[in-house]
Amino acid sequence: MTSRVMLISPAISAALREARFDDGCPVDAAGLRLAETAAGSLPAPDRALVSPGVRCRETAAALGLDAAAESELAGLDVGRWRGATLAEVSADEPEAVARWLADPSYAPHGGESVRGADEVEQDQHQDAEEDRPGDDRADRQLGRHGGRYSRSGCGRL
């Protein structure tokens, strides 16, 4: 069976433009226009999944995708660091940031560790592999936060 997984990064927001940890804010007007412009240019998937995050859901809607929200696709929970820049957090908690950058199992912000998020991601990929339709091809589109793309998911494609 041949499968195609299309990864779709959510449209840009004010927080992303300012290089802030995701704070749940919506896409901005420019990001929404770009997503709406791309609507109809994507192949129709057998199944579309989306992160429950605001930007991901708004991007999927702007693209015209009927996507099911999956909690496993959520962005990394950075706890009290939400909405802050890395520079701001580094100024307030330099030791915690240094260890967080070096140790993927460390979660000083009260959210989840990168390692814990990767384990969720690996489980999600395994579930997707076992949940293919009976035809010879299963196309999926996943709308999720960029940080998840850069970790274990891309290594499994």
# chains A, B, ... in the order shown; residues from 1 in each chain; ligands from 1
$ residues_around --residues "Arg17 of chain A" --least-positions-apart "2" --cutoff "12 Å" --atoms "only C-alpha atoms" --output "mmCIF file with C-alpha atoms, in the first residue's frame"
data_model
loop_
_atom_site.group_PDB
_atom_site.id
_atom_site.type_symbol
_atom_site.label_atom_id
_atom_site.label_comp_id
_atom_site.auth_asym_id
_atom_site.auth_seq_id
_atom_site.Cartn_x
_atom_site.Cartn_y
_atom_site.Cartn_z
ATOM 1 C CA ALA A 11 -0.595 30.182 8.818
ATOM 2 C CA ILE A 12 1.415 32.868 10.564
ATOM 3 C CA SER A 13 0.295 34.785 13.644
ATOM 4 C CA ALA A 14 1.515 37.849 15.516
ATOM 5 C CA ALA A 15 3.275 35.625 18.079
ATOM 6 C CA ALA A 19 9.356 34.606 17.550
ATOM 7 C CA ARG A 20 7.297 33.952 20.678
ATOM 8 C CA PHE A 21 6.338 30.574 22.092
ATOM 9 C CA ASP A 22 2.828 29.775 20.882
ATOM 10 C CA CYS A 25 -3.494 33.461 19.268
ATOM 11 C CA VAL A 27 -3.694 33.609 12.478
ATOM 12 C CA ASP A 28 -3.189 37.176 11.345
ATOM 13 C CA ALA A 30 -1.869 38.148 6.008
ATOM 14 C CA GLY A 31 -1.628 34.502 7.047
ATOM 15 C CA GLY A 83 3.738 34.028 24.728
ATOM 16 C CA THR A 85 10.394 34.940 23.491
#
$ residues_around --residues "Pro104 of chain A" --least-positions-apart "3" --cutoff "10 Å" --atoms "only C-alpha atoms" --output "VMD selection string"
chain A and resid 99 to 101 107 112 to 118
$ atom_distance --atom1 "atom CA of Arg4 of chain A" --atom2 "atom CA of Glu119 of chain A"
22.1 Å
$ residues_around --residues "Val54 of chain A" --least-positions-apart "3" --cutoff "12 Å" --atoms "only C-alpha atoms" --output "list of chain:residue names"
A:Pro10, A:Ala11, A:Ile12, A:Ser13, A:Asp22, A:Asp23, A:Gly24, A:Cys25, A:Pro26, A:Val27, A:Asp28, A:Val50, A:Ser51, A:Arg57, A:Glu58, A:Thr59, A:Ala60, A:Ala61, A:Ala69, A:Ala74, A:Gly75, A:Gly143, A:Arg144, A:His145
$ write_last_selection --atoms "C-alpha atoms" --output "PDB file, in the first residue's frame"
ATOM      1  CA  PRO A  10      -0.323  26.635  10.123  1.00  0.00           C
ATOM      2  CA  ALA A  11      -0.595  30.182   8.818  1.00  0.00           C
ATOM      3  CA  ILE A  12       1.415  32.868  10.564  1.00  0.00           C
ATOM      4  CA  SER A  13       0.295  34.785  13.644  1.00  0.00           C
ATOM      5  CA  ASP A  22       2.828  29.775  20.882  1.00  0.00           C
ATOM      6  CA  ASP A  23       0.218  31.513  23.001  1.00  0.00           C
ATOM      7  CA  GLY A  24      -2.913  30.292  21.272  1.00  0.00           C
ATOM      8  CA  CYS A  25      -3.494  33.461  19.268  1.00  0.00           C
ATOM      9  CA  PRO A  26      -5.279  33.275  15.904  1.00  0.00           C
ATOM     10  CA  VAL A  27      -3.694  33.609  12.478  1.00  0.00           C
ATOM     11  CA  ASP A  28      -3.189  37.176  11.345  1.00  0.00           C
ATOM     12  CA  VAL A  50      -5.450  18.897  12.520  1.00  0.00           C
ATOM     13  CA  SER A  51      -3.958  20.053  15.784  1.00  0.00           C
ATOM     14  CA  ARG A  57      -7.853  24.858  12.930  1.00  0.00           C
ATOM     15  CA  GLU A  58      -8.157  28.285  11.282  1.00  0.00           C
ATOM     16  CA  THR A  59      -5.645  27.342   8.596  1.00  0.00           C
ATOM     17  CA  ALA A  60      -7.450  24.078   7.823  1.00  0.00           C
ATOM     18  CA  ALA A  61     -10.757  25.933   7.547  1.00  0.00           C
ATOM     19  CA  ALA A  69      -8.895  17.708  15.534  1.00  0.00           C
ATOM     20  CA  ALA A  74      -0.969  19.693  19.471  1.00  0.00           C
ATOM     21  CA  GLY A  75       2.112  21.874  19.696  1.00  0.00           C
ATOM     22  CA  GLY A 143      -2.153  20.369  10.012  1.00  0.00           C
ATOM     23  CA  ARG A 144       0.106  20.822  12.969  1.00  0.00           C
ATOM     24  CA  HIS A 145       2.553  23.110  14.664  1.00  0.00           C
TER      25      HIS A 145
END
$ atom_distance --atom1 "atom CA of Tyr106 of chain A" --atom2 "atom CA of Leu49 of chain A"
28.6 Å
$ atom_distance --atom1 "atom CA of Gly40 of chain A" --atom2 "atom CA of Arg55 of chain A"
18.9 Å
